[in-house]
file coords_25.pdb (PDB, C-alpha atoms)
MODEL        1
ATOM      1  CA  THR A   1       6.913  -9.259  17.198
ATOM      2  CA  SER A   2      10.063  -9.205  15.073
ATOM      3  CA  GLN A   3       8.101 -10.483  12.077
ATOM      4  CA  GLY A   4       5.591  -7.661  12.431
ATOM      5  CA  VAL A   5       8.348  -5.060  12.687
ATOM      6  CA  TYR A   6      10.062  -6.471   9.613
ATOM      7  CA  ALA A   7       6.783  -6.494   7.682
ATOM      8  CA  LEU A   8       6.141  -2.849   8.563
ATOM      9  CA  VAL A   9       9.621  -1.691   7.571
ATOM     10  CA  SER A  10       9.789  -3.770   4.395
ATOM     11  CA  ASN A  11       6.389  -2.435   3.328
ATOM     12  CA  LEU A  12       7.680   1.124   3.694
ATOM     13  CA  GLY A  13      10.779   0.240   1.673
ATOM     14  CA  SER A  14       8.833  -1.603  -1.006
ATOM     15  CA  LEU A  15       6.522   1.396  -1.374
ATOM     16  CA  LEU A  16       9.514   3.590  -2.172
ATOM     17  CA  ALA A  17      10.877   0.926  -4.521
ATOM     18  CA  ARG A  18       7.603   0.677  -6.438
ATOM     19  CA  MET A  19       7.140   4.438  -6.702
ATOM     20  CA  VAL A  20      10.705   5.459  -7.584
ATOM     21  CA  LEU A  21      13.087   2.595  -8.289
ATOM     22  CA  GLN A  22      10.990   0.311 -10.476
ATOM     23  CA  PRO A  23      10.019   3.055 -12.973
ATOM     24  CA  LEU A  24      13.640   4.247 -13.022
ATOM     25  CA  GLU A  25      14.896   0.751 -13.824
ATOM     26  CA  GLU A  26      12.355   0.332 -16.616
ATOM     27  CA  VAL A  27      13.239   3.686 -18.163
ATOM     28  CA  THR A  28      16.962   2.904 -17.853
ATOM     29  CA  PHE A  29      16.589  -0.448 -19.602
ATOM     30  CA  ALA A  30      14.522   1.018 -22.436
ATOM     31  CA  ARG A  31      16.853   3.982 -22.906
ATOM     32  CA  PHE A  32      20.088   2.018 -23.022
ATOM     33  CA  SER A  33      18.551  -0.681 -25.208
ATOM     34  CA  ARG A  34      17.903   2.006 -27.804
ATOM     35  CA  LEU A  35      21.382   3.478 -27.369
ATOM     36  CA  ALA A  36      22.978   0.036 -27.678
ATOM     37  CA  ALA A  37      21.107  -0.509 -30.940
ATOM     38  CA  ALA A  38      22.260   2.879 -32.218
ATOM     39  CA  SER A  39      25.855   2.078 -31.246
ATOM     40  CA  ALA A  40      25.696  -1.225 -33.098
ATOM     41  CA  ALA A  41      24.374   0.576 -36.169
ATOM     42  CA  SER A  42      27.435   2.839 -36.193
ATOM     43  CA  ALA A  43      29.474  -0.038 -37.590
ATOM     44  CA  ALA A  44      27.507   0.234 -40.838
ATOM     45  CA  PRO A  45      27.968   3.104 -43.316
ATOM     46  CA  GLY A  46      25.579   5.933 -42.597
ATOM     47  CA  GLY A  47      24.845   4.647 -39.105
ATOM     48  CA  ALA A  48      25.070   6.414 -35.780
ATOM     49  CA  PRO A  49      27.932   8.856 -35.207
ATOM     50  CA  ALA A  50      31.268   7.534 -34.014
ATOM     51  CA  GLY A  51      30.838   9.275 -30.681
ATOM     52  CA  ALA A  52      27.713   7.306 -29.784
ATOM     53  CA  ASP A  53      29.587   5.174 -27.252
ATOM     54  CA  GLU A  54      31.069   8.250 -25.576
ATOM     55  CA  ALA A  55      27.596   9.827 -25.360
ATOM     56  CA  THR A  56      26.150   6.642 -23.888
ATOM     57  CA  LEU A  57      28.948   6.465 -21.340
ATOM     58  CA  ARG A  58      28.429  10.098 -20.351
ATOM     59  CA  GLU A  59      24.702   9.538 -19.891
ATOM     60  CA  LEU A  60      25.310   6.397 -17.835
ATOM     61  CA  GLN A  61      27.719   8.229 -15.552
ATOM     62  CA  LEU A  62      25.203  10.998 -14.935
ATOM     63  CA  LEU A  63      22.488   8.463 -14.180
ATOM     64  CA  LEU A  64      24.619   6.480 -11.745
ATOM     65  CA  ARG A  65      25.825   9.610  -9.980
ATOM     66  CA  GLY A  66      22.228  10.804  -9.700
ATOM     67  CA  THR A  67      21.215   7.430  -8.291
ATOM     68  CA  SER A  68      24.084   7.695  -5.820
ATOM     69  CA  LEU A  69      22.705  11.038  -4.653
ATOM     70  CA  PHE A  70      19.328   9.407  -4.022
ATOM     71  CA  GLY A  71      20.996   6.670  -1.988
ATOM     72  CA  LEU A  72      23.165   9.097  -0.055
ATOM     73  CA  VAL A  73      20.118  11.126   0.931
ATOM     74  CA  LEU A  74      18.616   7.971   2.444
ATOM     75  CA  LEU A  75      21.860   7.004   4.175
ATOM     76  CA  SER A  76      22.496  10.479   5.575
ATOM     77  CA  PHE A  77      19.009  11.561   6.569
ATOM     78  CA  GLY A  78      17.112   8.291   7.010
ATOM     79  CA  PRO A  79      18.654   6.915  10.242
ATOM     80  CA  PRO A  80      18.485  10.125  12.316
ATOM     81  CA  TYR A  81      14.820  10.649  11.417
ATOM     82  CA  SER A  82      13.579   7.035  11.456
ATOM     83  CA  TRP A  83      12.200   7.242  14.986
ATOM     84  CA  LEU A  84      10.424  10.530  14.327
ATOM     85  CA  LEU A  85       8.932   9.266  11.058
ATOM     86  CA  LEU A  86       7.543   6.121  12.684
ATOM     87  CA  ARG A  87       6.266   8.154  15.618
ATOM     88  CA  LEU A  88       4.321  10.438  13.270
ATOM     89  CA  LEU A  89       3.034   7.694  10.955
ATOM     90  CA  TYR A  90       2.301   4.814  13.314
ATOM     91  CA  GLY A  91       2.325   6.191  16.836
ATOM     92  CA  PRO A  92       4.395   5.671  19.991
ATOM     93  CA  VAL A  93       4.026   1.884  20.169
ATOM     94  CA  TRP A  94       5.836   1.231  16.903
ATOM     95  CA  ALA A  95       8.301   4.040  17.564
ATOM     96  CA  ALA A  96       9.245   2.370  20.863
ATOM     97  CA  SER A  97       9.880  -1.001  19.181
ATOM     98  CA  GLU A  98      12.924  -2.107  17.211
ATOM     99  CA  ALA A  99      11.340  -0.645  14.067
ATOM    100  CA  PRO A 100      13.412   2.587  14.039
ATOM    101  CA  GLN A 101      16.672   0.641  14.187
ATOM    102  CA  LEU A 102      15.506  -1.722  11.457
ATOM    103  CA  LEU A 103      14.296   1.188   9.304
ATOM    104  CA  SER A 104      17.725   2.806   9.658
ATOM    105  CA  LEU A 105      19.329  -0.362   8.284
ATOM    106  CA  TYR A 106      16.705  -0.597   5.563
ATOM    107  CA  CYS A 107      17.805   2.806   4.264
ATOM    108  CA  ALA A 108      21.089   1.131   3.291
ATOM    109  CA  ALA A 109      19.137  -1.666   1.610
ATOM    110  CA  VAL A 110      17.094   0.782  -0.480
ATOM    111  CA  CYS A 111      20.296   2.617  -1.433
ATOM    112  CA  ALA A 112      21.779  -0.694  -2.572
ATOM    113  CA  MET A 113      18.571  -1.495  -4.470
ATOM    114  CA  ALA A 114      18.810   1.784  -6.364
ATOM    115  CA  LEU A 115      22.431   1.336  -7.457
ATOM    116  CA  ASN A 116      21.940  -2.328  -8.274
ATOM    117  CA  GLY A 117      18.736  -1.756 -10.218
ATOM    118  CA  VAL A 118      20.140   0.968 -12.469
ATOM    119  CA  SER A 119      23.502  -0.710 -13.079
ATOM    120  CA  GLU A 120      21.916  -4.104 -13.789
ATOM    121  CA  ALA A 121      19.403  -2.490 -16.147
ATOM    122  CA  TYR A 122      22.310  -1.054 -18.143
ATOM    123  CA  VAL A 123      24.108  -4.408 -18.201
ATOM    124  CA  GLN A 124      20.994  -6.292 -19.315
ATOM    125  CA  ALA A 125      20.369  -3.713 -22.042
ATOM    126  CA  SER A 126      23.891  -3.516 -23.454
ATOM    127  CA  ALA A 127      25.935  -6.630 -22.635
ATOM    128  CA  PRO A 128      26.396  -9.286 -25.357
ATOM    129  CA  PRO A 129      24.907 -12.768 -24.736
ATOM    130  CA  PRO A 130      28.229 -14.439 -23.725
ATOM    131  CA  GLU A 131      28.810 -11.734 -21.117
ATOM    132  CA  LEU A 132      25.253 -12.063 -19.860
ATOM    133  CA  ARG A 133      25.773 -15.800 -19.363
ATOM    134  CA  ARG A 134      28.925 -15.173 -17.327
ATOM    135  CA  ILE A 135      27.132 -12.561 -15.242
ATOM    136  CA  ALA A 136      24.218 -14.944 -14.671
ATOM    137  CA  ALA A 137      26.625 -17.632 -13.424
ATOM    138  CA  ALA A 138      28.271 -15.152 -11.056
ATOM    139  CA  THR A 139      24.855 -13.982  -9.850
ATOM    140  CA  THR A 140      23.938 -17.580  -9.041
ATOM    141  CA  ALA A 141      27.076 -17.893  -6.929
ATOM    142  CA  ILE A 142      26.164 -14.641  -5.156
ATOM    143  CA  ALA A 143      22.724 -16.096  -4.418
ATOM    144  CA  PHE A 144      24.361 -18.966  -2.508
ATOM    145  CA  VAL A 145      26.455 -16.445  -0.567
ATOM    146  CA  TYR A 146      23.299 -14.504   0.231
ATOM    147  CA  GLY A 147      21.530 -17.633   1.444
ATOM    148  CA  GLY A 148      24.347 -18.444   3.853
ATOM    149  CA  ALA A 149      24.605 -14.851   5.041
ATOM    150  CA  ALA A 150      20.840 -14.652   5.587
ATOM    151  CA  LEU A 151      20.795 -17.835   7.704
ATOM    152  CA  ALA A 152      23.733 -16.635   9.797
ATOM    153  CA  GLY A 153      22.329 -13.119  10.057
ATOM    154  CA  VAL A 154      18.904 -14.244  11.268
ATOM    155  CA  ARG A 155      20.505 -16.533  13.826
ATOM    156  CA  LEU A 156      22.815 -13.818  15.180
ATOM    157  CA  LEU A 157      20.889 -10.572  14.664
ATOM    158  CA  ARG A 158      17.344 -11.685  13.816
ATOM    159  CA  THR A 159      15.608  -9.354  11.346
ATOM    160  CA  SER A 160      18.528  -6.907  11.300
ATOM    161  CA  GLY A 161      20.754  -9.737  10.096
ATOM    162  CA  LEU A 162      18.350 -10.447   7.244
ATOM    163  CA  VAL A 163      18.471  -6.820   6.110
ATOM    164  CA  LEU A 164      22.272  -6.773   6.299
ATOM    165  CA  ALA A 165      22.450  -9.978   4.278
ATOM    166  CA  ASN A 166      20.293  -8.358   1.617
ATOM    167  CA  VAL A 167      22.619  -5.340   1.563
ATOM    168  CA  LEU A 168      25.550  -7.734   1.047
ATOM    169  CA  ASN A 169      23.710  -9.499  -1.781
ATOM    170  CA  LEU A 170      22.842  -6.268  -3.568
ATOM    171  CA  GLY A 171      26.318  -4.850  -2.999
ATOM    172  CA  LEU A 172      27.992  -7.870  -4.592
ATOM    173  CA  ARG A 173      25.646  -7.758  -7.574
ATOM    174  CA  THR A 174      26.267  -4.030  -7.968
ATOM    175  CA  ALA A 175      30.035  -4.602  -7.868
ATOM    176  CA  LEU A 176      29.593  -7.206 -10.615
ATOM    177  CA  SER A 177      27.695  -4.723 -12.774
ATOM    178  CA  TYR A 178      30.204  -1.950 -12.108
ATOM    179  CA  ARG A 179      33.023  -4.301 -13.124
ATOM    180  CA  TYR A 180      31.330  -4.890 -16.460
ATOM    181  CA  ILE A 181      30.689  -1.164 -16.892
ATOM    182  CA  GLY A 182      34.375  -0.425 -16.328
ATOM    183  CA  ARG A 183      35.492  -3.038 -18.838
ATOM    184  CA  ALA A 184      32.907  -1.974 -21.401
ATOM    185  CA  ALA A 185      33.880   1.686 -21.036
ATOM    186  CA  ALA A 186      37.551   0.873 -21.576
ATOM    187  CA  ALA A 187      36.721  -1.177 -24.683
ATOM    188  CA  ARG A 188      34.121   1.054 -26.314
ATOM    189  CA  ALA A 189      35.395   4.498 -25.367
ATOM    190  CA  PRO A 190      39.122   4.150 -24.627
ATOM    191  CA  GLY A 191      40.616   7.182 -22.968
ATOM    192  CA  ALA A 192      37.252   8.569 -21.895
ATOM    193  CA  PRO A 193      37.085   9.395 -18.161
ATOM    194  CA  LEU A 194      34.864   7.195 -16.023
ATOM    195  CA  ARG A 195      33.395   8.769 -12.878
ATOM    196  CA  LEU A 196      30.517   6.894 -11.318
ATOM    197  CA  ALA A 197      30.559   8.483  -7.847
ATOM    198  CA  PRO A 198      29.631  12.074  -6.951
ATOM    199  CA  ALA A 199      32.319  14.733  -6.566
ATOM    200  CA  PRO A 200      34.372  14.688  -3.328
ATOM    201  CA  ALA A 201      32.835  17.971  -2.185
ATOM    202  CA  VAL A 202      29.371  16.445  -2.502
ATOM    203  CA  LEU A 203      30.421  13.348  -0.555
ATOM    204  CA  ALA A 204      31.888  15.609   2.140
ATOM    205  CA  ALA A 205      28.608  17.541   2.368
ATOM    206  CA  PHE A 206      26.701  14.319   2.884
ATOM    207  CA  ALA A 207      29.181  13.144   5.529
ATOM    208  CA  LEU A 208      28.891  16.408   7.442
ATOM    209  CA  SER A 209      25.103  16.309   7.173
ATOM    210  CA  ALA A 210      25.006  12.759   8.507
ATOM    211  CA  ALA A 211      27.222  13.730  11.427
ATOM    212  CA  ALA A 212      25.142  16.827  12.240
ATOM    213  CA  THR A 213      21.738  15.148  11.987
ATOM    214  CA  ASN A 214      22.814  12.105  13.993
ATOM    215  CA  ALA A 215      24.241  14.390  16.684
ATOM    216  CA  THR A 216      21.036  16.409  16.920
ATOM    217  CA  ALA A 217      19.023  13.171  16.912
ATOM    218  CA  LEU A 218      20.738  12.233  20.169
ATOM    219  CA  TRP A 219      20.349  15.722  21.604
ATOM    220  CA  LEU A 220      17.020  17.003  20.276
ATOM    221  CA  GLY A 221      15.242  14.130  18.562
ATOM    222  CA  ALA A 222      15.806  11.310  21.032
ATOM    223  CA  PRO A 223      12.790   9.114  21.862
ATOM    224  CA  ASP A 224      12.891  10.118  25.527
ATOM    225  CA  SER A 225      12.444  13.760  24.566
ATOM    226  CA  LEU A 226       8.747  14.591  24.525
ATOM    227  CA  SER A 227       9.191  18.250  23.684
ATOM    228  CA  PRO A 228       7.675  19.125  20.273
ATOM    229  CA  SER A 229       9.994  22.114  20.054
ATOM    230  CA  SER A 230      13.037  19.846  20.368
ATOM    231  CA  HIS A 231      11.833  17.608  17.558
ATOM    232  CA  ALA A 232      10.979  20.672  15.464
ATOM    233  CA  ALA A 233      14.517  21.963  15.970
ATOM    234  CA  HIS A 234      15.847  18.567  14.908
ATOM    235  CA  VAL A 235      13.832  18.826  11.686
ATOM    236  CA  VAL A 236      15.097  22.362  11.076
ATOM    237  CA  VAL A 237      18.683  21.109  11.342
ATOM    238  CA  GLY A 238      17.874  18.435   8.770
ATOM    239  CA  VAL A 239      16.346  20.946   6.371
ATOM    240  CA  ALA A 240      19.398  23.198   6.728
ATOM    241  CA  CYS A 241      21.750  20.274   6.078
ATOM    242  CA  LEU A 242      19.712  19.244   3.051
ATOM    243  CA  GLY A 243      20.015  22.787   1.731
ATOM    244  CA  GLY A 244      23.774  22.570   2.152
ATOM    245  CA  VAL A 245      23.822  19.300   0.233
ATOM    246  CA  VAL A 246      21.824  20.865  -2.610
ATOM    247  CA  ALA A 247      24.279  23.771  -2.746
ATOM    248  CA  ALA A 248      27.198  21.325  -2.847
ATOM    249  CA  VAL A 249      25.564  19.394  -5.706
ATOM    250  CA  VAL A 250      24.968  22.576  -7.705
ATOM    251  CA  ALA A 251      28.575  23.665  -7.195
ATOM    252  CA  GLY A 252      30.290  20.281  -7.474
ATOM    253  CA  GLU A 253      28.061  18.556 -10.029
ATOM    254  CA  PRO A 254      26.807  21.312 -12.354
ATOM    255  CA  GLU A 255      26.162  18.937 -15.272
ATOM    256  CA  LEU A 256      24.198  16.558 -13.052
ATOM    257  CA  ALA A 257      22.294  19.411 -11.409
ATOM    258  CA  GLY A 258      21.366  20.745 -14.846
ATOM    259  CA  ALA A 259      20.191  17.317 -15.978
ATOM    260  CA  LEU A 260      18.038  16.884 -12.857
ATOM    261  CA  LEU A 261      16.539  20.368 -13.253
ATOM    262  CA  GLY A 262      15.818  19.686 -16.923
ATOM    263  CA  ALA A 263      14.065  16.408 -16.044
ATOM    264  CA  VAL A 264      11.880  18.191 -13.488
ATOM    265  CA  ARG A 265      10.974  20.894 -15.995
ATOM    266  CA  ARG A 266      10.102  18.330 -18.674
ATOM    267  CA  ARG A 267       7.897  16.448 -16.237
ATOM    268  CA  HIS A 268       6.054  19.605 -15.210
ATOM    269  CA  GLY A 269       5.700  20.515 -18.882
ATOM    270  CA  ARG A 270       4.029  17.179 -19.619
ATOM    271  CA  GLU A 271       1.708  17.571 -16.628
ATOM    272  CA  ASP A 272       0.693  21.059 -17.776
TER     273      ASP A 272
ENDMDL
END

call {"tool": "encode", "arguments": {"input": "coords_25.pdb", "output": "structure tokens"}}
result
Amino acid sequence: TSQGVYALVSNLGSLLARMVLQPLEEVTFARFSRLAAASAASAAPGGAPAGADEATLRELQLLLRGTSLFGLVLLSFGPPYSWLLLRLLYGPVWAASEAPQLLSLYCAAVCAMALNGVSEAYVQASAPPPELRRIAAATTAIAFVYGGAALAGVRLLRTSGLVLANVLNLGLRTALSYRYIGRAAAARAPGAPLRLAPAPAVLAAFALSAAATNATALWLGAPDSLSPSSHAAHVVVGVACLGGVVAAVVAGEPELAGALLGAVRRRHGRED
């Protein structure tokens, strides 16, 4: 049934959210709470350095661009491999249902969750109480929009409409957070550049990868193709495209690539 398909897909998405997004949001909130306190202390003699706001802004930009990369990986590689993933995990019955289509849409929802979670964590950690009250009022209005969109979506598109309504809800909340980030950056670090999206070359690499993997999904990875070699070739194309994306990130986002590599090394150091 549609409810069963939605439960399966949402469970997969919630697993990813619990393992990756929730810890990231908690770390983001704790980190920027400390930085906000240090920035406030800079107003007093002997407090934090005058460049604390610029450093905070630079760190936020890196974090949001890194989160964007996570979302773009899901958007580019999730839809063309949804059917194959469900076929391997749950068998041909689920793969032949509407689950692959719904999982493809849910990739956009998880991407929106990631951007919304990190940006809202920053806002909650750094915004003053009057601004938080205004944001809460706007979020309440967005909730009414989401309710209407969810009712219309379920009526027109069933479970797919519900997922799309959730994407709309998260997108509006993310836009609200980004609006505050832009205003706060202009006020606290005037003249400092603000770049929250990955470099154009990186975006182009993702676009080309999405086009290539979706094309090979129709040719090699289609559900009516029962040849294991065809599906293996489809996976090889995906791996090659992912390698191209990594190369584009290293070349186009060297600071972000260095930060990600440093985080991996620190994590392995703690495990050792």

call {"tool": "residues_around", "arguments": {"input": "coords_25.pdb", "residues": "Pro23 of chain A", "least_positions_apart": "4", "cutoff": "12 Å", "atoms": "all atoms listed in the file", "output": "mmCIF file with C-alpha atoms, in the frame of the given file"}}
result
data_model
loop_
_atom_site.group_PDB
_atom_site.id
_atom_site.type_symbol
_atom_site.label_atom_id
_atom_site.label_comp_id
_atom_site.auth_asym_id
_atom_site.auth_seq_id
_atom_site.Cartn_x
_atom_site.Cartn_y
_atom_site.Cartn_z
ATOM 1 C CA LEU A 16 9.514 3.590 -2.172
ATOM 2 C CA ALA A 17 10.877 0.926 -4.521
ATOM 3 C CA ARG A 18 7.603 0.677 -6.438
ATOM 4 C CA MET A 19 7.140 4.438 -6.702
ATOM 5 C CA VAL A 27 13.239 3.686 -18.163
ATOM 6 C CA THR A 28 16.962 2.904 -17.853
ATOM 7 C CA PHE A 29 16.589 -0.448 -19.602
ATOM 8 C CA ALA A 30 14.522 1.018 -22.436
ATOM 9 C CA ALA A 114 18.810 1.784 -6.364
ATOM 10 C CA GLY A 117 18.736 -1.756 -10.218
ATOM 11 C CA VAL A 118 20.140 0.968 -12.469
ATOM 12 C CA ALA A 121 19.403 -2.490 -16.147
#

call {"tool": "closest_residue", "arguments": {"input": "coords_25.pdb", "among": "A:Ser230, A:Ser82, A:Thr56, A:Ser33", "to": "Leu12 of chain A", "atoms": "all atoms listed in the file"}}
result
A:Ser82

call {"tool": "atom_distance", "arguments": {"input": "coords_25.pdb", "atom1": "atom CA of Ala127 of chain A", "atom2": "atom CA of Arg183 of chain A"}}
result
10.9 Å

call {"tool": "residues_around", "arguments": {"input": "coords_25.pdb", "residues": "Pro200 of chain A", "least_positions_apart": "2", "cutoff": "12 Å", "atoms": "only C-alpha atoms", "output": "PyMOL selection string"}}
result
chain A and resi 65+195-198+202-207+248-249+251-253

call {"tool": "atom_distance", "arguments": {"input": "coords_25.pdb", "atom1": "atom CA of Glu59 of chain A", "atom2": "atom CA of Gly171 of chain A"}}
result
22.2 Å

call {"tool": "atom_distance", "arguments": {"input": "coords_25.pdb", "atom1": "atom CA of Leu260 of chain A", "atom2": "atom CA of Ala211 of chain A"}}
result
26.2 Å

call {"tool": "residues_around", "arguments": {"input": "coords_25.pdb", "residues": "Ala215 of chain A", "least_positions_apart": "4", "cutoff": "12 Å", "atoms": "only C-alpha atoms", "output": "list in words"}}
result
Ser76, Phe77, Pro79, Pro80, Tyr81, Leu208, Ser209, Ala210, Ala211, Trp219, Leu220, Gly221, Ala222, His234, Val237 and Gly238 of chain A

call {"tool": "residues_around", "arguments": {"input": "coords_25.pdb", "residues": "Ser126 of chain A", "least_positions_apart": "6", "cutoff": "12 Å", "atoms": "only C-alpha atoms", "output": "compact mmCIF listing (two decimals) with C-alpha atoms, in the coordinates of the input"}}
result
# COMPACT_ATOMS: atom_id res chain seq x y z
CA THR A 28 16.96 2.90 -17.85
CA PHE A 29 16.59 -0.45 -19.60
CA ALA A 30 14.52 1.02 -22.44
CA ARG A 31 16.85 3.98 -22.91
CA PHE A 32 20.09 2.02 -23.02
CA SER A 33 18.55 -0.68 -25.21
CA ARG A 34 17.90 2.01 -27.80
CA LEU A 35 21.38 3.48 -27.37
CA ALA A 36 22.98 0.04 -27.68
CA ALA A 37 21.11 -0.51 -30.94
CA ALA A 38 22.26 2.88 -32.22
CA SER A 39 25.86 2.08 -31.25
CA ALA A 40 25.70 -1.23 -33.10
CA ASP A 53 29.59 5.17 -27.25
CA THR A 56 26.15 6.64 -23.89
CA LEU A 57 28.95 6.46 -21.34
CA LEU A 60 25.31 6.40 -17.84
CA SER A 119 23.50 -0.71 -13.08
CA GLU A 120 21.92 -4.10 -13.79
CA LEU A 132 25.25 -12.06 -19.86
CA SER A 177 27.70 -4.72 -12.77
CA TYR A 180 31.33 -4.89 -16.46
CA ILE A 181 30.69 -1.16 -16.89
CA ALA A 184 32.91 -1.97 -21.40
CA ALA A 185 33.88 1.69 -21.04
CA ARG A 188 34.12 1.05 -26.31

call {"tool": "closest_atom_pairs", "arguments": {"input": "coords_25.pdb", "of": "segment 174-203 of chain A", "to": "segment 142-152 of chain A", "cutoff": "12 Å", "atoms": "only C-alpha atoms", "output": "JSON lines"}}
result
{"residue": "A:Thr174", "atom": "CA", "partner": "A:Ile142", "partner_atom": "CA", "distance": 11.0}
{"residue": "A:Ala175", "atom": "CA", "partner": "A:Ile142", "partner_atom": "CA", "distance": 11.1}
{"residue": "A:Leu176", "atom": "CA", "partner": "A:Ile142", "partner_atom": "CA", "distance": 9.8}

call {"tool": "closest_residue", "arguments": {"input": "coords_25.pdb", "among": "A:Gln124, A:Gln61, A:Ser227, A:Gln101", "to": "Leu157 of chain A", "atoms": "all atoms listed in the file"}}
result
A:Gln101

call {"tool": "residues_around", "arguments": {"input": "coords_25.pdb", "residues": "Asn166 of chain A", "least_positions_apart": "2", "cutoff": "10 Å", "atoms": "all atoms listed in the file", "output": "MDAnalysis selection string"}}
result
chainID A and resid 106 108:110 112:113 146:147 149:150 153 160:164 168:172

call {"tool": "write_last_selection", "arguments": {"input": "coords_25.pdb", "atoms": "C-alpha atoms", "output": "mmCIF file, in the frame of the given file"}}
result
data_model
loop_
_atom_site.group_PDB
_atom_site.id
_atom_site.type_symbol
_atom_site.label_atom_id
_atom_site.label_comp_id
_atom_site.auth_asym_id
_atom_site.auth_seq_id
_atom_site.Cartn_x
_atom_site.Cartn_y
_atom_site.Cartn_z
ATOM 1 C CA TYR A 106 16.705 -0.597 5.563
ATOM 2 C CA ALA A 108 21.089 1.131 3.291
ATOM 3 C CA ALA A 109 19.137 -1.666 1.610
ATOM 4 C CA VAL A 110 17.094 0.782 -0.480
ATOM 5 C CA ALA A 112 21.779 -0.694 -2.572
ATOM 6 C CA MET A 113 18.571 -1.495 -4.470
ATOM 7 C CA TYR A 146 23.299 -14.504 0.231
ATOM 8 C CA GLY A 147 21.530 -17.633 1.444
ATOM 9 C CA ALA A 149 24.605 -14.851 5.041
ATOM 10 C CA ALA A 150 20.840 -14.652 5.587
ATOM 11 C CA GLY A 153 22.329 -13.119 10.057
ATOM 12 C CA SER A 160 18.528 -6.907 11.300
ATOM 13 C CA GLY A 161 20.754 -9.737 10.096
ATOM 14 C CA LEU A 162 18.350 -10.447 7.244
ATOM 15 C CA VAL A 163 18.471 -6.820 6.110
ATOM 16 C CA LEU A 164 22.272 -6.773 6.299
ATOM 17 C CA LEU A 168 25.550 -7.734 1.047
ATOM 18 C CA ASN A 169 23.710 -9.499 -1.781
ATOM 19 C CA LEU A 170 22.842 -6.268 -3.568
ATOM 20 C CA GLY A 171 26.318 -4.850 -2.999
ATOM 21 C CA LEU A 172 27.992 -7.870 -4.592
#

call {"tool": "closest_residue", "arguments": {"input": "coords_25.pdb", "among": "A:Gly4, A:Gly262, A:Gly71, A:Pro193", "to": "Glu54 of chain A", "atoms": "all atoms listed in the file"}}
result
A:Pro193

call {"tool": "closest_residue", "arguments": {"input": "coords_25.pdb", "among": "A:Leu24, A:Leu62, A:Ala201, A:Val73", "to": "Asn116 of chain A", "atoms": "only C-alpha atoms"}}
result
A:Leu24

call {"tool": "decode", "arguments": {"input": "coords_25.pdb", "residues": "segment 155-168 of chain A", "atoms": "C-alpha atoms", "output": "PDB file, in the first residue's frame"}}
result
ATOM      1  CA  ARG A 155      -5.095  14.717  -2.549  1.00  0.00           C
ATOM      2  CA  LEU A 156      -3.319  15.236  -5.883  1.00  0.00           C
ATOM      3  CA  LEU A 157      -0.172  13.103  -5.637  1.00  0.00           C
ATOM      4  CA  ARG A 158      -0.739  10.908  -2.573  1.00  0.00           C
ATOM      5  CA  THR A 159       2.480  10.162  -0.667  1.00  0.00           C
ATOM      6  CA  SER A 160       4.648  11.968  -3.227  1.00  0.00           C
ATOM      7  CA  GLY A 161       2.650  15.124  -2.549  1.00  0.00           C
ATOM      8  CA  LEU A 162       3.341  14.792   1.170  1.00  0.00           C
ATOM      9  CA  VAL A 163       7.085  14.560   0.553  1.00  0.00           C
ATOM     10  CA  LEU A 164       6.999  17.571  -1.773  1.00  0.00           C
ATOM     11  CA  ALA A 165       5.061  19.560   0.811  1.00  0.00           C
ATOM     12  CA  ASN A 166       7.738  18.745   3.367  1.00  0.00           C
ATOM     13  CA  VAL A 167      10.424  19.924   0.935  1.00  0.00           C
ATOM     14  CA  LEU A 168       8.494  23.197   0.544  1.00  0.00           C
TER      15      LEU A 168
END
